Amino acid sequence: MWVLKTIRENLERILPGCPDRLRYIDTLPHEKAICIAAYLWKGCFQSTNDVWITICSGLLHEIPTEWLRLHIMEILDSATVDWNDDFEFYNLCAAFYHVPEILEQILAYAERKNPENHAAEWISDVREMAGTQTRYRKMLQNYERILELEANV
């Protein structure tokens with residue numbers, strides 16, 4: 001599948017061998033680890049390709065949550081988010097609906113980064129939706145199905 005191949009190639013350009021070491025990201029050089037996490041996260045919110053989003057989300061979730069929580073601000077700084085783009089903002093948050101402590105850090109970061117009045121409404125909406133995990137479960141199911149298809153090719 002070209003999407004998975006392209007994502008893996010892009011990750012390999014950041015740091016050879018990293019796609020298979022995401023669970024051990026804390027053993028990678030810190031600067032490279034931040035770039036890897038930012039790349040995967042950007043794939044969740046800067047693409048309109050559902051397969052791309054699903055694969056990046058799945059790979060992002062291979063990274064230990066504790067490591068992400070500790071480095072969230074650095075990752076967000078590296079991810080170059082357009083805080084005025086509803087699509088990017090909602091998809092950025094959607095990747096972590098299931099981890100309230102990370103989602104709350106994202107929302108606090110967004111409040112500081114986007115002084116626009118409409119940002120407050122987005123942030124309120126996301127906080128309200130944070131209780132549901134339907135989108136997260138659906139993304140994981142899609143990711144697992146894509147991996148099965150890839151294994152059969």
# chains A, B, ... in the order shown; residues from 1 in each chain; ligands from 1
call {"tool": "residues_around", "arguments": {"residues": "Arg8 in chain A", "least_positions_apart": "6", "cutoff": "12 Å", "atoms": "only C-alpha atoms", "output": "count of residues only"}}
result
18
call {"tool": "closest_residue", "arguments": {"among": "A:Leu28, A:Ala108, A:Ala95, A:Ile7", "to": "Val51 in chain A", "atoms": "only C-alpha atoms"}}
result
A:Ile7
call {"tool": "closest_residue", "arguments": {"among": "A:Leu68, A:Ile106, A:Ile34, A:Val3", "to": "Asn49 in chain A", "atoms": "only C-alpha atoms"}}
result
A:Val3
call {"tool": "residues_around", "arguments": {"residues": "Glu74 in chain A", "least_positions_apart": "4", "cutoff": "9 Å", "atoms": "only C-alpha atoms", "output": "CSV table (one decimal) with C-alpha atoms, in the first residue's frame"}}
result
chain,number,residue,atom,x,y,z
A,34,ILE,CA,10.5,14.9,18.7
A,38,ALA,CA,5.6,15.7,15.3
A,78,SER,CA,7.5,21.2,16.0
A,79,ALA,CA,4.2,20.3,14.4
